[in-house]
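Content type CSV, C-alpha atoms, from the file start_37.csv:
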chain,number,residue,atom,x,y,z
M,699,MET,CA,57.3,57.0,-210.8
M,700,ASN,CA,55.4,54.6,-213.2
M,701,ALA,CA,53.3,51.7,-212.2
M,702,ASN,CA,56.0,49.1,-213.1
M,703,ALA,CA,58.5,50.9,-210.9
M,704,LEU,CA,56.0,51.1,-208.1
M,705,SER,CA,55.3,47.4,-208.4
M,706,MET,CA,59.0,46.5,-208.3
M,707,ASN,CA,59.5,48.7,-205.3
M,708,ALA,CA,56.6,47.1,-203.5
M,709,ARG,CA,58.0,43.6,-204.3
M,710,GLY,CA,61.4,44.7,-203.0
M,711,GLN,CA,59.9,45.9,-199.8
M,712,ALA,CA,57.9,42.7,-199.3
M,713,ARG,CA,61.1,40.6,-200.0
M,714,ARG,CA,63.1,42.7,-197.4
M,715,ALA,CA,60.3,42.1,-194.9
M,716,ALA,CA,60.5,38.4,-195.6
M,717,ARG,CA,64.2,38.5,-194.8
M,718,SER,CA,63.7,40.7,-191.7
M,719,ARG,CA,64.9,40.1,-188.2
M,720,ALA,CA,61.4,39.3,-187.0
M,721,ILE,CA,61.1,36.4,-189.5
M,722,ASP,CA,64.5,35.2,-188.5
M,723,VAL,CA,63.6,35.2,-184.8
M,724,GLY,CA,60.2,33.6,-185.6
M,725,ALA,CA,61.8,30.8,-187.6
M,726,ARG,CA,64.3,30.0,-184.9
M,727,ALA,CA,61.7,30.1,-182.2
M,728,GLY,CA,59.7,27.7,-184.3
M,729,PHE,CA,62.6,25.2,-184.4
M,730,VAL,CA,62.8,25.4,-180.6
M,731,ALA,CA,59.1,24.7,-180.3
M,732,ARG,CA,59.3,21.8,-182.7
M,733,GLY,CA,62.2,20.4,-180.7
M,734,VAL,CA,60.1,20.5,-177.5
M,735,ILE,CA,57.3,18.6,-179.1
M,736,TYR,CA,59.5,15.8,-180.5
M,737,LEU,CA,61.4,15.5,-177.3
M,738,LEU,CA,58.2,15.1,-175.4
M,739,VAL,CA,56.8,12.6,-177.9
M,740,GLY,CA,60.1,10.6,-177.5
M,741,VAL,CA,59.7,10.6,-173.7
M,742,LEU,CA,56.1,9.5,-173.9
M,743,ALA,CA,57.0,6.7,-176.4
M,744,LEU,CA,59.8,5.6,-174.0
M,745,ARG,CA,57.3,5.4,-171.2
M,746,ILE,CA,54.9,3.3,-173.4
M,747,ALA,CA,57.8,0.9,-174.3
M,748,PHE,CA,58.3,-0.2,-170.7
M,749,SER,CA,54.8,0.2,-169.2
M,750,ASP,CA,51.3,-0.8,-169.9
M,751,GLY,CA,49.3,1.9,-171.6
M,752,GLY,CA,50.5,5.4,-170.8
M,753,LYS,CA,49.7,8.7,-172.4
M,754,GLN,CA,49.3,9.0,-176.1
M,755,ALA,CA,52.7,9.4,-177.8
M,756,ASP,CA,51.8,12.1,-180.3
M,757,ARG,CA,51.5,15.9,-180.5
M,758,GLY,CA,48.3,15.8,-178.5
M,759,GLY,CA,50.0,13.8,-175.7
M,760,ALA,CA,52.8,16.3,-175.7
M,761,ILE,CA,50.4,19.3,-175.4
M,762,ALA,CA,48.6,17.6,-172.5
M,763,GLU,CA,51.9,16.8,-170.8
M,764,ILE,CA,52.9,20.5,-171.0
M,765,ALA,CA,49.5,21.7,-169.8
M,766,GLU,CA,49.9,19.7,-166.5
M,767,LYS,CA,53.2,21.4,-165.6
M,768,PRO,CA,53.4,24.6,-163.5
M,769,PHE,CA,52.7,27.6,-165.7
M,770,GLY,CA,51.7,25.1,-168.4
M,771,SER,CA,49.1,27.4,-170.0
M,772,VAL,CA,51.8,30.1,-170.4
M,773,LEU,CA,54.2,27.6,-171.9
M,774,LEU,CA,51.5,26.6,-174.4
M,775,TRP,CA,51.0,30.2,-175.4
M,776,VAL,CA,54.7,30.6,-176.0
M,777,LEU,CA,54.9,27.3,-177.9
M,778,GLY,CA,51.9,28.2,-180.1
M,779,LEU,CA,53.3,31.6,-180.9
M,780,ALA,CA,56.7,30.1,-181.7
M,781,LEU,CA,55.0,27.7,-184.1
M,782,ALA,CA,53.2,30.7,-185.7
M,783,GLY,CA,56.6,32.2,-186.3
M,784,MET,CA,57.7,29.0,-188.0
M,785,ALA,CA,54.5,29.2,-190.2
M,786,LEU,CA,55.2,32.8,-191.2
M,787,TRP,CA,58.8,31.9,-192.2
M,788,ARG,CA,57.6,29.0,-194.3
M,789,LEU,CA,55.0,31.4,-195.9
M,790,SER,CA,57.9,33.9,-196.7
M,791,GLU,CA,59.8,31.0,-198.4
M,792,ALA,CA,56.7,30.1,-200.4
M,793,LEU,CA,56.3,33.7,-201.6
M,794,PHE,CA,59.9,34.8,-202.1
M,795,GLY,CA,62.0,31.6,-202.1
M,796,GLN,CA,64.3,29.9,-199.7
M,797,ALA,CA,67.9,30.9,-198.8
M,798,GLY,CA,70.4,29.4,-201.1
M,799,PRO,CA,71.2,29.4,-204.9
M,800,ASP,CA,68.2,27.1,-205.8
M,801,GLY,CA,65.8,28.5,-203.2
M,802,GLU,CA,63.4,30.0,-205.8
M,803,LYS,CA,62.6,26.8,-207.6
M,804,ALA,CA,58.8,26.2,-207.9
M,805,SER,CA,59.1,22.8,-206.3
M,806,LYS,CA,60.8,24.2,-203.2
M,807,ARG,CA,58.3,27.1,-202.9
M,808,ALA,CA,55.4,24.6,-203.2
M,809,MET,CA,56.9,22.5,-200.4
M,810,ALA,CA,57.3,25.6,-198.3
M,811,ALA,CA,53.6,26.4,-198.9
M,812,GLY,CA,52.6,22.9,-197.7
M,813,ARG,CA,54.8,23.4,-194.6
M,814,PHE,CA,53.2,26.8,-193.9
M,815,LEU,CA,49.7,25.2,-193.9
M,816,PHE,CA,50.9,22.4,-191.6
M,817,TYR,CA,52.6,24.7,-189.0
M,818,ALA,CA,49.7,27.1,-189.2
M,819,PHE,CA,47.3,24.3,-188.3
M,820,VAL,CA,49.6,23.1,-185.5
M,821,SER,CA,50.0,26.6,-184.1
M,822,TYR,CA,46.2,27.1,-184.2
M,823,SER,CA,45.6,23.9,-182.4
M,824,VAL,CA,48.1,24.6,-179.6
M,825,LEU,CA,46.9,28.2,-179.1
M,826,SER,CA,43.2,27.0,-179.1
M,827,TYR,CA,44.1,24.5,-176.4
M,828,ALA,CA,45.9,27.3,-174.4
M,829,ALA,CA,42.8,29.5,-174.8
M,830,GLY,CA,40.6,26.8,-173.2
M,831,ASP,CA,39.4,24.6,-176.0
M,832,LYS,CA,40.6,21.3,-174.5
M,833,GLY,CA,39.3,19.4,-177.5
M,834,SER,CA,41.7,21.1,-179.8
M,835,GLY,CA,45.3,20.0,-180.2
M,836,SER,CA,45.2,17.3,-177.6
M,837,GLY,CA,42.8,15.0,-179.4
M,838,SER,CA,44.0,11.5,-180.2
M,839,SER,CA,45.7,11.3,-183.6
M,840,ASP,CA,44.5,7.7,-183.9
M,841,GLN,CA,40.8,8.6,-183.6
M,842,GLN,CA,41.2,11.5,-186.0
M,843,THR,CA,42.9,9.3,-188.5
M,844,ASP,CA,40.2,6.6,-188.2
M,845,ASP,CA,37.5,9.3,-188.7
M,846,VAL,CA,39.1,10.9,-191.7
M,847,THR,CA,39.9,7.5,-193.3
M,848,ALA,CA,36.3,6.2,-192.7
M,849,ARG,CA,34.8,9.3,-194.3
M,850,ALA,CA,37.2,9.1,-197.3
M,851,LEU,CA,36.5,5.4,-197.9
M,852,GLU,CA,32.8,6.2,-198.3
M,853,TRP,CA,33.5,8.5,-201.3
M,854,THR,CA,33.4,7.4,-204.9
M,855,GLY,CA,36.9,6.2,-205.5
M,856,GLY,CA,37.7,6.5,-201.8
M,857,GLN,CA,39.9,3.5,-201.7
M,858,TRP,CA,42.1,5.0,-204.4
M,859,ILE,CA,42.2,8.4,-202.6
M,860,VAL,CA,43.2,6.8,-199.3
M,861,GLY,CA,45.7,4.6,-201.0
M,862,ALA,CA,47.3,7.5,-202.8
M,863,ALA,CA,47.4,9.6,-199.7
M,864,GLY,CA,49.0,6.7,-197.8
M,865,ALA,CA,51.6,6.1,-200.5
M,866,ALA,CA,52.4,9.9,-200.5
M,867,VAL,CA,53.0,9.8,-196.7
M,868,ALA,CA,55.1,6.7,-197.0
M,869,GLY,CA,57.1,8.2,-199.9
M,870,ALA,CA,57.6,11.4,-197.9
M,871,GLY,CA,58.9,9.3,-195.0
M,872,LEU,CA,61.4,7.5,-197.2
M,873,TRP,CA,62.4,10.9,-198.6
M,874,MET,CA,63.0,12.3,-195.1
M,875,ALA,CA,65.1,9.2,-194.2
M,876,TYR,CA,67.1,9.5,-197.4
M,877,ARG,CA,67.8,13.2,-196.9
M,878,ALA,CA,68.9,12.5,-193.3
M,879,LEU,CA,71.2,9.6,-194.2
M,880,ALA,CA,72.7,11.7,-197.1
M,881,ARG,CA,73.1,14.7,-194.8
M,882,LYS,CA,71.3,16.9,-197.2
M,883,TYR,CA,70.6,19.3,-194.3
M,884,HIS,CA,74.2,20.5,-194.5
M,885,LYS,CA,73.4,22.9,-197.3
M,886,HIS,CA,70.7,24.6,-195.1
M,887,MET,CA,72.9,25.0,-192.1
M,888,LYS,CA,75.9,27.3,-191.2
M,889,MET,CA,78.3,24.4,-191.0
M,890,SER,CA,81.4,26.7,-191.2
M,891,GLU,CA,80.3,28.3,-187.9
M,892,MET,CA,80.4,24.9,-186.0
M,893,THR,CA,83.4,23.4,-184.3
M,894,LYS,CA,84.4,19.9,-185.2
M,895,LYS,CA,82.7,18.5,-182.1
M,896,THR,CA,79.6,20.5,-182.8
M,897,ARG,CA,79.4,19.2,-186.4
M,898,GLN,CA,79.8,15.6,-185.1
M,899,ALA,CA,77.0,16.1,-182.6
M,900,VAL,CA,74.7,17.7,-185.1
M,901,ASP,CA,75.4,14.9,-187.6
M,902,ALA,CA,74.7,12.3,-184.9
M,903,VAL,CA,71.3,13.6,-184.0
M,904,GLY,CA,70.5,14.8,-187.5
M,905,VAL,CA,71.2,11.4,-189.2
M,906,PHE,CA,69.7,9.3,-186.4
M,907,GLY,CA,66.7,11.5,-185.6
M,908,GLY,CA,65.9,12.3,-189.2
M,909,THR,CA,66.1,8.6,-190.3
M,910,VAL,CA,63.8,7.5,-187.4
M,911,ARG,CA,61.3,10.2,-188.1
M,912,GLY,CA,61.2,9.2,-191.8
M,913,ALA,CA,60.7,5.6,-190.8
M,914,VAL,CA,57.7,6.5,-188.6
M,915,PHE,CA,56.1,8.5,-191.4
M,916,ALA,CA,56.7,5.6,-193.9
M,917,THR,CA,55.2,3.1,-191.5
M,918,ALA,CA,52.1,5.3,-190.9
M,919,GLY,CA,51.7,5.7,-194.7
M,920,GLY,CA,52.0,1.9,-195.1
M,921,PHE,CA,49.1,1.4,-192.6
M,922,ALA,CA,47.0,3.9,-194.6
M,923,VAL,CA,47.7,1.9,-197.8
M,924,ALA,CA,46.6,-1.3,-196.0
M,925,ALA,CA,43.4,0.4,-194.9
M,926,ALA,CA,42.6,1.3,-198.5
M,927,VAL,CA,43.4,-2.2,-199.9
M,928,GLN,CA,41.4,-4.0,-197.2
M,929,HIS,CA,38.7,-1.2,-197.0
M,930,GLU,CA,39.1,-1.1,-193.2
M,931,PRO,CA,39.4,2.4,-191.6
M,932,GLY,CA,40.8,0.8,-188.5
M,933,ARG,CA,43.9,-0.3,-190.3
M,934,ALA,CA,45.0,3.4,-190.6
M,935,LYS,CA,47.0,4.6,-187.6
M,936,GLY,CA,47.9,7.9,-186.2
M,937,MET,CA,51.2,8.7,-184.6
M,938,ASP,CA,50.4,7.0,-181.3
M,939,ASP,CA,49.2,3.7,-182.7
M,940,THR,CA,52.0,3.7,-185.2
M,941,LEU,CA,54.5,3.9,-182.4
M,942,ARG,CA,52.7,1.3,-180.3
M,943,SER,CA,52.8,-1.1,-183.3
M,944,PHE,CA,56.6,-1.3,-183.0
M,945,THR,CA,56.1,-3.2,-179.8
M,946,GLU,CA,54.3,-6.0,-181.8
M,947,THR,CA,57.5,-6.8,-183.7
M,948,PRO,CA,59.9,-9.6,-182.6
M,949,ALA,CA,62.1,-6.9,-181.0
M,950,GLY,CA,59.2,-6.0,-178.7
M,951,PRO,CA,59.4,-2.8,-176.6
M,952,TRP,CA,63.1,-2.4,-177.4
M,953,LEU,CA,62.3,-1.4,-181.0
M,954,LEU,CA,59.9,1.3,-179.7
M,955,ALA,CA,62.6,2.4,-177.2
M,956,PHE,CA,65.0,2.8,-180.1
M,957,ILE,CA,62.4,4.8,-182.1
M,958,ALA,CA,61.7,6.9,-179.0
M,959,LEU,CA,65.4,7.8,-178.7
M,960,GLY,CA,65.4,8.7,-182.4
M,961,LEU,CA,62.4,11.1,-182.1
M,962,ALA,CA,64.1,12.7,-179.1
M,963,ALA,CA,67.3,13.0,-181.2
M,964,PHE,CA,65.3,14.8,-183.9
M,965,GLY,CA,64.1,17.2,-181.2
M,966,LEU,CA,67.7,18.0,-180.4
M,967,PHE,CA,68.4,18.4,-184.1
M,968,SER,CA,65.6,20.9,-184.3
M,969,TRP,CA,67.3,22.9,-181.5
M,970,ALA,CA,70.5,22.8,-183.6
M,971,ASN,CA,68.6,24.2,-186.5
M,972,ALA,CA,67.4,27.0,-184.2
M,973,ARG,CA,71.0,28.1,-183.8
M,974,TYR,CA,72.6,27.2,-187.2
M,975,ARG,CA,69.8,27.1,-189.8
M,976,LYS,CA,70.2,29.6,-192.7
M,977,VAL,CA,67.0,31.7,-192.7
Go ahead and express the file in the form of structure tokens.
Amino acid sequence: MNANALSMNARGQARRAARSRAIDVGARAGFVARGVIYLLVGVLALRIAFSDGGKQADRGGAIAEIAEKPFGSVLLWVLGLALAGMALWRLSEALFGQAGPDGEKASKRAMAAGRFLFYAFVSYSVLSYAAGDKGSGSGSSDQQTDDVTARALEWTGGQWIVGAAGAAVAGAGLWMAYRALARKYHKHMKMSEMTKKTRQAVDAVGVFGGTVRGAVFATAGGFAVAAAVQHEPGRAKGMDDTLRSFTETPAGPWLLAFIALGLAAFGLFSWANARYRKV
């Protein structure tokens, strides 16, 4: 067997591994874990809407909330490993393409690579917290955002860098909202396996949850742009402060409550993906 044949055989084996049962299970477990985090963030945001203060409504707050429950450490290990499964699935998509006719496009593989890095970081932070590093994973997203923004603004051209990053996050949020409203997720899910009522339920949480999630990202990106324009790191906001900012609108806490329900809906949509997503 020549070198070219060996190379093709190796690529074929790697591709089959990427489509294996283990990757399928890992991806679906990751969707379940993502759903847990968004549901908890939604609950924490709802508490903030109708009380003074409260725990931080972001991933760190969700991790801390889980840790306080019976067998919380065990649950965090499960959650972290499930997110690692999600990261490996995204890595397989980056290397070998996604499911579907256009899944091997360079743009889709690049996005999969970015998602792999994100979920790998989240998994690492959760597992580190479960292993005893209480400063990992549960830290305030607001303080982290302030620190990163302050350092970036000190660089040469820092305002442009922060502004571009903020614009990219805002654009990503608008893109998420558009895809949810246009129901672009249909092509990634096994819609034919759903009953009519299930499809209606999936669309309800998918459109509502995805649009709200996109709006939160777009708002956070807008704050980063404001921080760059005004050269004030404090203007940039993490997830927690972004959510709290909705209470400062004329709608007051009711807008945050609406946003909280949307984030919880996205958690339910993630669970629907665990069952019906094409992997």
* Taking all atoms listed in the file into account, which of M:Leu941, M:Leu742, M:Met809, M:Met889 comes nearest Arg975 of chain M? ->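 For Arg975 of chain M, the nearest of the given residues is M:Met889.
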* **Shell of 12 Å around segment 721-734 of chain M, all atoms listed in the file, local chain residues under 6 positions omitted, as a ChimeraX atom specification** => /M:713-715,740-741,757,760-761,763-764,773-791,797,814,817-818,820-821,824,903,907,961-977
* Asked: In terms of the shortest atom-to-atom distance over all atoms listed in the file, which of M:Ala878, M:Ile859, M:Ala955, M:Val910 is closest to Ala926 of chain M?
  -> M:Ile859
* To do: Go through M:Leu872, M:Thr847, M:Pro768, M:Val739 one by one, measure the shortest atom-to-atom distance of each to Ala755 of chain M using all atoms listed in the file, and give the residue with the smallest value.
  => M:Val739
* atom CA of Met874 of chain M to atom CA of Arg897 of chain M: how many Å, to one decimal? -> 19.8 Å
* List every protein, DNA or RNA residue with an atom no more than 8 Å from (58.3, 10.6, -185.1) in the file's coordinates, counting all atoms listed in the file, and format the result as a list in words. => Tyr736, Val739, Gly740, Val910, Arg911, Gly912, Ala913, Val914, Phe915, Met937, Ile957, Ala958, Gly960 and Leu961 of chain M
* Asked: Which residue gives the smallest distance to Arg849 of chain M among M:Thr940, M:Lys882, M:Trp952, M:Glu930, with only C-alpha atoms counted?
  -> M:Glu930
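Between atom CA of Leu815 of chain M and atom CA of Leu793 of chain M lies a distance of 13.2 Å.
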* Asked: Could you state the separation of atom CA of Ala868 of chain M and atom CA of Gly920 of chain M in Å, given to one decimal place?
  ->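 A separation of 6.0 Å between them.
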* Counting all atoms listed in the file, the residue of M:Leu953, M:Ala922, M:Leu744, M:Ala880 that sits nearest Val846 of chain M -> M:Ala922
* Asked: Given the choices M:Gly770, M:Pro948, M:Pro931, M:Gly759, which gets closest to Leu851 of chain M if the distance is worked out from all atoms listed in the file?
  ->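 Looking only at the distances to Leu851 of chain M, the closest residue turns out to be M:Pro931.
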